[in-house]
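Below is one structure, written out as structure tokens, with a few remarks after it.
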Amino acid sequence: MTIGLCRLVLYLPESGSLKSKRSILKSIRTRVRNKFNVSISELSDNDLWQKAVLGVAVVSNETRHANQVLSKVVDLVQTDARVELVDYSLEMI
């Protein structure tokens with residue numbers, strides 16, 4: 001069994017309030033959950049308007065599959081015009 005973890009650091013240039021930040025992140029989380037069946041949550045920087053850190057986790061039988069799923073999650077987040085992906089990291093346990 002492999003647990004894949006991904007940490008995404010996002011910059012939200014259009015966000016002018018916590019309410020708009022939450023709206024953008026909720027949309028991203030819903031799209032990622034529905035498309036890839038993974039767990040996703042905001043990890044830190046909860047009170048900053050234009051920065052967010054998201055954590056994504058997937059459980060799989062194979063390391064390769066977990067890596068592919070997390071790579072596709074990163075690609076999906078990068079294509080969202082409302083956010084800029086500042087940094088990300090992948091880890092397999």
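By convention here, the chains of the structure tokens are called A, B, ... in the order presented, each chain's residues are numbered starting at 1, and ligands are numbered starting at 1 in the order presented.
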
Report as an mmCIF file with C-alpha atoms, in the first residue's frame all protein, DNA and RNA residues lying within 12 Å of Ser60 of chain A, evaluated on only C-alpha atoms, omitting residues in the same chain fewer than 5 positions from it.
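The new file part-v8.cif reads:
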```cif
data_model
loop_
_atom_site.group_PDB
_atom_site.id
_atom_site.type_symbol
_atom_site.label_atom_id
_atom_site.label_comp_id
_atom_site.auth_asym_id
_atom_site.auth_seq_id
_atom_site.Cartn_x
_atom_site.Cartn_y
_atom_site.Cartn_z
ATOM 1 C CA MET A 1 0.000 0.000 0.000
ATOM 2 C CA THR A 2 1.263 3.452 -0.916
ATOM 3 C CA ILE A 3 0.109 6.787 0.460
ATOM 4 C CA GLY A 4 0.836 9.712 -1.837
ATOM 5 C CA LEU A 5 0.973 13.215 -0.412
ATOM 6 C CA ASN A 37 -11.370 10.814 -5.766
ATOM 7 C CA VAL A 38 -8.638 12.110 -3.432
ATOM 8 C CA HIS A 65 -0.401 5.091 -9.768
ATOM 9 C CA ALA A 66 -0.343 7.418 -6.747
ATOM 10 C CA ASN A 67 2.348 9.536 -8.425
ATOM 11 C CA GLN A 68 0.306 9.751 -11.653
ATOM 12 C CA VAL A 69 -2.846 10.832 -9.817
ATOM 13 C CA LEU A 70 -1.027 13.536 -7.836
ATOM 14 C CA MET A 92 5.250 8.712 -1.205
ATOM 15 C CA ILE A 93 4.981 6.722 2.004
#
```

Nearest to Glu14 of chain A, chosen from A:Gln50, A:Ser89, A:Asn61, A:Thr79, with only C-alpha atoms counted in the distances: A:Gln50

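Omitting Val83 of chain A and its sequence neighbours fewer than 2 positions away, and counting only C-alpha atoms, the residues within 12 Å are Leu8, Val9, Leu10, Tyr11, Leu12, Pro13, Glu14, Ser15, Lys21, Ile24, Leu25, Ser27, Ile28, Gln50, Lys51, Ala52, Val53, Val74, Leu76, Val77, Gln78, Thr79, Asp80, Ala81, Leu85, Val86 and Asp87 of chain A.
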
Go ahead and save the picked residues with C-alpha atoms, as an mmCIF file, in the first residue's frame.
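Below is the file that was written, again26.cif:
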```cif
data_model
loop_
_atom_site.group_PDB
_atom_site.id
_atom_site.type_symbol
_atom_site.label_atom_id
_atom_site.label_comp_id
_atom_site.auth_asym_id
_atom_site.auth_seq_id
_atom_site.Cartn_x
_atom_site.Cartn_y
_atom_site.Cartn_z
ATOM 1 C CA LEU A 8 0.492 22.879 -3.059
ATOM 2 C CA VAL A 9 1.371 26.504 -2.338
ATOM 3 C CA LEU A 10 -0.957 28.852 -4.222
ATOM 4 C CA TYR A 11 -1.053 32.589 -4.865
ATOM 5 C CA LEU A 12 -4.527 34.037 -5.470
ATOM 6 C CA PRO A 13 -3.989 37.451 -7.132
ATOM 7 C CA GLU A 14 -7.718 38.177 -7.617
ATOM 8 C CA SER A 15 -8.664 37.504 -4.015
ATOM 9 C CA LYS A 21 -10.459 33.169 -1.198
ATOM 10 C CA ILE A 24 -12.003 30.001 -5.114
ATOM 11 C CA LEU A 25 -10.583 27.248 -2.910
ATOM 12 C CA SER A 27 -14.304 25.396 -6.285
ATOM 13 C CA ILE A 28 -10.812 23.929 -6.685
ATOM 14 C CA GLN A 50 -3.898 35.818 -1.366
ATOM 15 C CA LYS A 51 -1.975 32.746 -0.196
ATOM 16 C CA ALA A 52 -3.161 29.203 0.382
ATOM 17 C CA VAL A 53 -1.516 25.888 1.155
ATOM 18 C CA VAL A 74 -1.020 19.469 -9.953
ATOM 19 C CA LEU A 76 -5.409 20.608 -13.015
ATOM 20 C CA VAL A 77 -4.597 23.248 -10.398
ATOM 21 C CA GLN A 78 -2.050 24.867 -12.733
ATOM 22 C CA THR A 79 -4.692 25.303 -15.445
ATOM 23 C CA ASP A 80 -6.997 27.289 -13.136
ATOM 24 C CA ALA A 81 -6.658 30.936 -14.195
ATOM 25 C CA LEU A 85 1.032 27.595 -8.378
ATOM 26 C CA VAL A 86 4.034 28.928 -6.440
ATOM 27 C CA ASP A 87 5.449 25.596 -5.254
#
```

DSSP helix (DSSP H, G or I) selection over segment 2-93 of chain A, as a VMD selection string: chain A and resid 18 to 36 63 to 78

Secondary structure check, strand (DSSP E) residues of chain A, as a ChimeraX atom specification: /A:2-11,39-44,51-60,84-92

Neighbour list for Arg7 of chain A as a ChimeraX atom specification, cut-off 6 Å, only C-alpha atoms, skip fewer than 2 positions in-chain: /A:54-55,88-89

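Considering only C-alpha atoms, the residue among A:Trp49, A:Cys6, A:Glu91, A:Leu18 positioned nearest to Val73 of chain A is A:Cys6.
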
Shortest interatomic distance to Lys72 of chain A - which of A:Ile40, A:Lys26, A:Leu48, A:Lys35, counting only C-alpha atoms: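 Smallest distance to Lys72 of chain A is found for A:Lys35.
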
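As for atom CA of Asp47 of chain A and atom CA of Ser17 of chain A, they are spaced 9.6 Å apart.
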
Using only C-alpha atoms: which of A:Thr30, A:Ser39, A:Ser44, A:Ser71 has the shortest distance to Val59 of chain A: A:Ser39
